[in-house]
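A.B. asks: Take this structure, written in structure tokens, and hold onto it; I'll ask about it next.
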Amino acid sequence: NAGVTQTPKFRVLKTGQSMTLLCAQDMNHEYMYWYRQDPGMGLRLIHYSVGEGTTAKGEVPDGYNVSRLKKQNFLLGLESAAPSQTSVYFCASSIYRPDGRSGMPQHFGDGTRLSIL
Amino acid sequence: KNQVEQSPQSLIILEGKNCTLQCNYTVSPFSNLRWYKQDTGRGPVSLTIMTFSENTKSNGRYTATLDADTKQSSLHITASQLSDSASYICVVSVDSWGKLQFGAGTQVVVTP
């Protein structure tokens, strides 16, 4: 019962470097999401996907790109890292969209802690 | 300004005591309100989900209430345990698609 697995768990980058965060879920969920969590703020949605091959922008998409080539994987890319992207990144998945009629929860991974110097 | 405000920001309680956390939201309309528990270094885990027509929902020692008229919710923890030490996050579904607005959380510390 792995659920949602994020790799890596920790990473330190230098400004301008690029990297990809990987999210994998084994629950056959259609919907996947990337959030960032900063001190004193709620989680903010970066990008999301409503199915394999689809992606959409969330609340704070600038500086990030995503891909969903396989249903179980959702990748978050930073092309040119900036100190403002220092954060904890969470991936989540859900079987349905999170509106009232489904009432189904999102399942979160344990996060990737990213520091950009 | 965040559309979901939580109070207090943090609190310390003795093991075995009860506590109540507050959530006020300005999102309108909304379809559901959730409470999540986030342990240090872990991802959030769902505790309760309530639609706008529900006014209470329980999950073990956790009881959430919702007043859609005043746009307030509370999470009551009964007979707290050390394992209840965590951040508790209030989340509101903000639109017809259901994108979620997260509060900043209330940090609860349970001491022996």
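Labels used: A, B, ... for chains in the order of the structure tokens, numbers from 1 for residues in each chain, and numbers from 1 for ligands as shown.
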As an mmCIF file with N, CA, C and O atoms, in the first residue's frame, which residues of region 15-87 of chain A does DSSP assign to strand (DSSP E or B)?

C.D. replies:
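Generated file (result12.cif):
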```cif
data_model
loop_
_atom_site.group_PDB
_atom_site.id
_atom_site.type_symbol
_atom_site.label_atom_id
_atom_site.label_comp_id
_atom_site.auth_asym_id
_atom_site.auth_seq_id
_atom_site.Cartn_x
_atom_site.Cartn_y
_atom_site.Cartn_z
ATOM 1 N N MET A 19 15.750 20.705 -12.409
ATOM 2 C CA MET A 19 15.518 19.387 -11.843
ATOM 3 C C MET A 19 14.061 18.975 -12.064
ATOM 4 O O MET A 19 13.213 19.815 -12.390
ATOM 5 N N THR A 20 13.819 17.693 -11.870
ATOM 6 C CA THR A 20 12.476 17.140 -12.006
ATOM 7 C C THR A 20 12.107 16.398 -10.745
ATOM 8 O O THR A 20 12.884 15.590 -10.247
ATOM 9 N N LEU A 21 10.922 16.692 -10.219
ATOM 10 C CA LEU A 21 10.365 15.967 -9.085
ATOM 11 C C LEU A 21 9.390 14.922 -9.617
ATOM 12 O O LEU A 21 8.559 15.228 -10.482
ATOM 13 N N LEU A 22 9.497 13.722 -9.069
ATOM 14 C CA LEU A 22 8.654 12.633 -9.549
ATOM 15 C C LEU A 22 7.590 12.281 -8.528
ATOM 16 O O LEU A 22 7.869 12.200 -7.333
ATOM 17 N N CYS A 23 6.386 12.077 -9.002
ATOM 18 C CA CYS A 23 5.277 11.616 -8.170
ATOM 19 C C CYS A 23 4.690 10.367 -8.810
ATOM 20 O O CYS A 23 4.383 10.372 -10.008
ATOM 21 N N ALA A 24 4.522 9.321 -8.021
ATOM 22 C CA ALA A 24 3.938 8.083 -8.512
ATOM 23 C C ALA A 24 2.821 7.637 -7.571
ATOM 24 O O ALA A 24 2.998 7.674 -6.353
ATOM 25 N N GLN A 25 1.676 7.243 -8.151
ATOM 26 C CA GLN A 25 0.577 6.725 -7.334
ATOM 27 C C GLN A 25 0.147 5.362 -7.882
ATOM 28 O O GLN A 25 0.140 5.141 -9.091
ATOM 29 N N TYR A 31 -7.023 11.899 -11.142
ATOM 30 C CA TYR A 31 -6.621 13.274 -10.870
ATOM 31 C C TYR A 31 -5.329 13.307 -10.053
ATOM 32 O O TYR A 31 -5.192 12.598 -9.059
ATOM 33 N N MET A 32 -4.409 14.152 -10.491
ATOM 34 C CA MET A 32 -3.162 14.340 -9.755
ATOM 35 C C MET A 32 -2.843 15.830 -9.674
ATOM 36 O O MET A 32 -3.250 16.607 -10.561
ATOM 37 N N TYR A 33 -2.116 16.206 -8.620
ATOM 38 C CA TYR A 33 -1.915 17.629 -8.310
ATOM 39 C C TYR A 33 -0.492 17.844 -7.776
ATOM 40 O O TYR A 33 0.065 16.977 -7.114
ATOM 41 N N TRP A 34 0.036 19.014 -8.029
ATOM 42 C CA TRP A 34 1.269 19.461 -7.387
ATOM 43 C C TRP A 34 0.973 20.732 -6.598
ATOM 44 O O TRP A 34 0.380 21.684 -7.117
ATOM 45 N N TYR A 35 1.390 20.728 -5.316
ATOM 46 C CA TYR A 35 1.237 21.887 -4.438
ATOM 47 C C TYR A 35 2.598 22.297 -3.900
ATOM 48 O O TYR A 35 3.519 21.487 -3.831
ATOM 49 N N ARG A 36 2.691 23.529 -3.461
ATOM 50 C CA ARG A 36 3.822 23.961 -2.670
ATOM 51 C C ARG A 36 3.312 24.474 -1.327
ATOM 52 O O ARG A 36 2.209 25.045 -1.238
ATOM 53 N N GLN A 37 4.117 24.244 -0.283
ATOM 54 C CA GLN A 37 3.741 24.659 1.065
ATOM 55 C C GLN A 37 4.860 25.517 1.639
ATOM 56 O O GLN A 37 5.994 25.057 1.769
ATOM 57 N N ARG A 44 -0.609 25.748 -1.894
ATOM 58 C CA ARG A 44 -1.058 26.422 -3.114
ATOM 59 C C ARG A 44 -0.858 25.490 -4.307
ATOM 60 O O ARG A 44 0.200 24.863 -4.460
ATOM 61 N N LEU A 45 -1.853 25.453 -5.162
ATOM 62 C CA LEU A 45 -1.848 24.552 -6.301
ATOM 63 C C LEU A 45 -0.970 25.107 -7.420
ATOM 64 O O LEU A 45 -1.166 26.236 -7.874
ATOM 65 N N ILE A 46 -0.021 24.289 -7.888
ATOM 66 C CA ILE A 46 0.875 24.717 -8.953
ATOM 67 C C ILE A 46 0.307 24.300 -10.312
ATOM 68 O O ILE A 46 0.049 25.128 -11.189
ATOM 69 N N HIS A 47 0.136 23.013 -10.503
ATOM 70 C CA HIS A 47 -0.461 22.434 -11.709
ATOM 71 C C HIS A 47 -1.267 21.211 -11.297
ATOM 72 O O HIS A 47 -1.039 20.646 -10.234
ATOM 73 N N TYR A 48 -2.168 20.805 -12.166
ATOM 74 C CA TYR A 48 -2.901 19.588 -11.908
ATOM 75 C C TYR A 48 -3.186 18.867 -13.224
ATOM 76 O O TYR A 48 -2.961 19.411 -14.320
ATOM 77 N N SER A 49 -3.667 17.634 -13.099
ATOM 78 C CA SER A 49 -3.959 16.823 -14.271
ATOM 79 C C SER A 49 -5.255 16.067 -14.027
ATOM 80 O O SER A 49 -5.465 15.509 -12.947
ATOM 81 N N ALA A 56 -2.979 21.120 -16.493
ATOM 82 C CA ALA A 56 -3.611 22.430 -16.427
ATOM 83 C C ALA A 56 -2.928 23.266 -15.361
ATOM 84 O O ALA A 56 -2.357 22.714 -14.407
ATOM 85 N N LYS A 57 -2.982 24.591 -15.514
ATOM 86 C CA LYS A 57 -2.344 25.489 -14.562
ATOM 87 C C LYS A 57 -3.202 25.668 -13.324
ATOM 88 O O LYS A 57 -4.426 25.728 -13.399
ATOM 89 N N TYR A 64 7.318 26.693 -13.421
ATOM 90 C CA TYR A 64 7.180 25.233 -13.322
ATOM 91 C C TYR A 64 6.560 24.676 -14.604
ATOM 92 O O TYR A 64 5.742 25.329 -15.236
ATOM 93 N N ASN A 65 6.945 23.441 -14.929
ATOM 94 C CA ASN A 65 6.260 22.717 -15.990
ATOM 95 C C ASN A 65 5.957 21.309 -15.494
ATOM 96 O O ASN A 65 6.581 20.824 -14.554
ATOM 97 N N VAL A 66 4.967 20.687 -16.105
ATOM 98 C CA VAL A 66 4.547 19.358 -15.670
ATOM 99 C C VAL A 66 4.281 18.471 -16.874
ATOM 100 O O VAL A 66 4.068 18.946 -17.988
ATOM 101 N N SER A 67 4.313 17.169 -16.619
ATOM 102 C CA SER A 67 3.940 16.208 -17.657
ATOM 103 C C SER A 67 3.279 15.009 -17.009
ATOM 104 O O SER A 67 3.645 14.601 -15.903
ATOM 105 N N ASN A 73 2.031 8.451 -13.102
ATOM 106 C CA ASN A 73 3.133 9.371 -12.809
ATOM 107 C C ASN A 73 2.794 10.805 -13.166
ATOM 108 O O ASN A 73 2.169 11.083 -14.196
ATOM 109 N N PHE A 74 3.254 11.725 -12.333
ATOM 110 C CA PHE A 74 3.055 13.155 -12.578
ATOM 111 C C PHE A 74 4.372 13.846 -12.225
ATOM 112 O O PHE A 74 4.805 13.783 -11.085
ATOM 113 N N LEU A 75 5.018 14.444 -13.224
ATOM 114 C CA LEU A 75 6.328 15.033 -13.034
ATOM 115 C C LEU A 75 6.235 16.555 -12.952
ATOM 116 O O LEU A 75 5.500 17.182 -13.716
ATOM 117 N N LEU A 76 6.999 17.121 -12.040
ATOM 118 C CA LEU A 76 7.090 18.582 -11.899
ATOM 119 C C LEU A 76 8.511 19.010 -12.207
ATOM 120 O O LEU A 76 9.460 18.523 -11.590
ATOM 121 N N GLY A 77 8.666 19.917 -13.157
ATOM 122 C CA GLY A 77 9.987 20.373 -13.562
ATOM 123 C C GLY A 77 10.243 21.828 -13.222
ATOM 124 O O GLY A 77 9.333 22.660 -13.306
ATOM 125 N N LEU A 78 11.475 22.092 -12.817
ATOM 126 C CA LEU A 78 11.950 23.458 -12.642
ATOM 127 C C LEU A 78 13.056 23.652 -13.664
ATOM 128 O O LEU A 78 14.092 22.994 -13.597
ATOM 129 N N SER A 87 10.931 25.566 -1.104
ATOM 130 C CA SER A 87 9.630 25.236 -0.545
ATOM 131 C C SER A 87 9.567 23.735 -0.279
ATOM 132 O O SER A 87 10.512 23.003 -0.563
#
```

A.B. asks: Do a neighbour search on Ala64 (chain B) at 8 Å with only C-alpha atoms, toss out local chain neighbours closer than 2 positions, and write the hits as a list in words.

C.D. replies: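 My reading of the contact set: Trp35, Thr48, Thr56, Lys57, Ser58, Tyr62, Leu66, Ser73, Ser74, Leu75 and His76 of chain B.
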
A.B. asks: With all heavy atoms retained, could you export that selection as an mmCIF file, in the first residue's frame?

C.D. replies:
```
data_model
loop_
_atom_site.group_PDB
_atom_site.id
_atom_site.type_symbol
_atom_site.label_atom_id
_atom_site.label_comp_id
_atom_site.auth_asym_id
_atom_site.auth_seq_id
_atom_site.Cartn_x
_atom_site.Cartn_y
_atom_site.Cartn_z
ATOM 1 N N TRP B 35 -11.182 18.827 6.747
ATOM 2 C CA TRP B 35 -10.130 18.986 7.747
ATOM 3 C C TRP B 35 -9.085 17.914 7.494
ATOM 4 O O TRP B 35 -9.421 16.733 7.320
ATOM 5 C CB TRP B 35 -10.677 18.862 9.168
ATOM 6 C CG TRP B 35 -11.405 20.071 9.655
ATOM 7 C CD1 TRP B 35 -12.743 20.311 9.578
ATOM 8 C CD2 TRP B 35 -10.830 21.221 10.302
ATOM 9 N NE1 TRP B 35 -13.033 21.534 10.132
ATOM 10 C CE2 TRP B 35 -11.891 22.100 10.591
ATOM 11 C CE3 TRP B 35 -9.529 21.577 10.671
ATOM 12 C CZ2 TRP B 35 -11.690 23.331 11.228
ATOM 13 C CZ3 TRP B 35 -9.329 22.784 11.300
ATOM 14 C CH2 TRP B 35 -10.398 23.651 11.578
ATOM 15 N N THR B 48 -11.956 14.610 7.938
ATOM 16 C CA THR B 48 -13.397 14.677 7.672
ATOM 17 C C THR B 48 -13.648 15.470 6.394
ATOM 18 O O THR B 48 -12.841 16.331 6.022
ATOM 19 C CB THR B 48 -14.169 15.369 8.809
ATOM 20 O OG1 THR B 48 -13.733 16.718 8.920
ATOM 21 C CG2 THR B 48 -13.993 14.662 10.129
ATOM 22 N N THR B 56 -22.307 18.340 10.993
ATOM 23 C CA THR B 56 -21.360 17.686 11.886
ATOM 24 C C THR B 56 -20.914 16.365 11.289
ATOM 25 O O THR B 56 -21.682 15.702 10.582
ATOM 26 C CB THR B 56 -21.971 17.473 13.280
ATOM 27 O OG1 THR B 56 -20.943 16.986 14.168
ATOM 28 C CG2 THR B 56 -23.109 16.473 13.239
ATOM 29 N N LYS B 57 -19.673 16.024 11.564
ATOM 30 C CA LYS B 57 -19.139 14.742 11.128
ATOM 31 C C LYS B 57 -18.012 14.348 12.068
ATOM 32 O O LYS B 57 -17.198 15.197 12.445
ATOM 33 C CB LYS B 57 -18.640 14.813 9.696
ATOM 34 C CG LYS B 57 -18.154 13.476 9.150
ATOM 35 C CD LYS B 57 -18.113 13.445 7.653
ATOM 36 C CE LYS B 57 -19.483 13.257 7.060
ATOM 37 N NZ LYS B 57 -19.423 13.002 5.590
ATOM 38 N N SER B 58 -18.007 13.075 12.436
ATOM 39 C CA SER B 58 -17.008 12.597 13.389
ATOM 40 C C SER B 58 -16.098 11.557 12.774
ATOM 41 O O SER B 58 -16.494 10.823 11.864
ATOM 42 C CB SER B 58 -17.688 12.005 14.626
ATOM 43 O OG SER B 58 -18.353 13.005 15.358
ATOM 44 N N TYR B 62 -12.175 12.928 16.760
ATOM 45 C CA TYR B 62 -12.256 14.192 16.027
ATOM 46 C C TYR B 62 -13.707 14.428 15.584
ATOM 47 O O TYR B 62 -14.317 13.548 14.971
ATOM 48 C CB TYR B 62 -11.367 14.164 14.783
ATOM 49 C CG TYR B 62 -9.910 13.930 15.049
ATOM 50 C CD1 TYR B 62 -9.333 12.673 14.850
ATOM 51 C CD2 TYR B 62 -9.084 14.965 15.486
ATOM 52 C CE1 TYR B 62 -7.993 12.456 15.085
ATOM 53 C CE2 TYR B 62 -7.739 14.756 15.719
ATOM 54 C CZ TYR B 62 -7.196 13.505 15.520
ATOM 55 O OH TYR B 62 -5.859 13.294 15.753
ATOM 56 N N LEU B 66 -19.985 22.420 11.045
ATOM 57 C CA LEU B 66 -20.048 23.394 9.965
ATOM 58 C C LEU B 66 -21.316 24.218 10.095
ATOM 59 O O LEU B 66 -22.406 23.664 10.246
ATOM 60 C CB LEU B 66 -20.026 22.687 8.607
ATOM 61 C CG LEU B 66 -20.248 23.551 7.375
ATOM 62 C CD1 LEU B 66 -19.133 24.574 7.226
ATOM 63 C CD2 LEU B 66 -20.345 22.688 6.117
ATOM 64 N N SER B 73 -16.390 26.839 10.657
ATOM 65 C CA SER B 73 -16.268 25.426 10.963
ATOM 66 C C SER B 73 -15.362 25.296 12.168
ATOM 67 O O SER B 73 -14.537 26.181 12.448
ATOM 68 C CB SER B 73 -15.700 24.658 9.772
ATOM 69 O OG SER B 73 -15.501 23.291 10.098
ATOM 70 N N SER B 74 -15.532 24.218 12.895
ATOM 71 C CA SER B 74 -14.654 23.942 14.014
ATOM 72 C C SER B 74 -14.275 22.472 14.016
ATOM 73 O O SER B 74 -15.011 21.630 13.499
ATOM 74 C CB SER B 74 -15.321 24.320 15.344
ATOM 75 O OG SER B 74 -16.447 23.488 15.574
ATOM 76 N N LEU B 75 -13.123 22.192 14.582
ATOM 77 C CA LEU B 75 -12.678 20.807 14.771
ATOM 78 C C LEU B 75 -12.418 20.619 16.249
ATOM 79 O O LEU B 75 -11.614 21.334 16.840
ATOM 80 C CB LEU B 75 -11.404 20.518 13.971
ATOM 81 C CG LEU B 75 -10.862 19.095 14.103
ATOM 82 C CD1 LEU B 75 -11.802 18.108 13.403
ATOM 83 C CD2 LEU B 75 -9.459 18.979 13.513
ATOM 84 N N HIS B 76 -13.145 19.680 16.845
ATOM 85 C CA HIS B 76 -13.016 19.412 18.269
ATOM 86 C C HIS B 76 -12.245 18.115 18.464
ATOM 87 O O HIS B 76 -12.586 17.095 17.856
ATOM 88 C CB HIS B 76 -14.400 19.301 18.906
ATOM 89 C CG HIS B 76 -14.372 19.172 20.389
ATOM 90 N ND1 HIS B 76 -14.134 20.241 21.233
ATOM 91 C CD2 HIS B 76 -14.557 18.087 21.187
ATOM 92 C CE1 HIS B 76 -14.172 19.835 22.490
ATOM 93 N NE2 HIS B 76 -14.427 18.532 22.487
#
```

A.B. asks: Please, which residues of chain B lie no more than 10 Å from chain A when the count uses only C-alpha atoms, and can they be set out as a count of residues only?

C.D. replies: 44

A.B. asks: Tell me which protein, DNA and RNA residues are within 6 Å of Thr86 (chain A), counting only C-alpha atoms, leaving out same-chain ones fewer than 2 positions away, and put them as a PDB file with C-alpha atoms, in the first residue's frame.

C.D. replies:
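So the final result, stored in part-v5.pdb, reads:
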```pdb
ATOM      1  CA  PRO A  83      15.511  31.083  -4.504  1.00  0.00           C
ATOM      2  CA  SER A  84      11.791  31.944  -4.421  1.00  0.00           C
ATOM      3  CA  LEU A 114      13.724  21.722  -1.953  1.00  0.00           C
ATOM      4  CA  SER A 115      16.272  24.427  -1.115  1.00  0.00           C
ATOM      5  CA  ILE A 116      17.651  26.731  -3.757  1.00  0.00           C
TER       6      ILE A 116
END
```

A.B. asks: CA of Lys37 (chain B) to CA of Val109 (chain B): how many Å, to one decimal?

C.D. replies: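 For CA of Lys37 (chain B) relative to CA of Val109 (chain B), the distance reads 12.7 Å.
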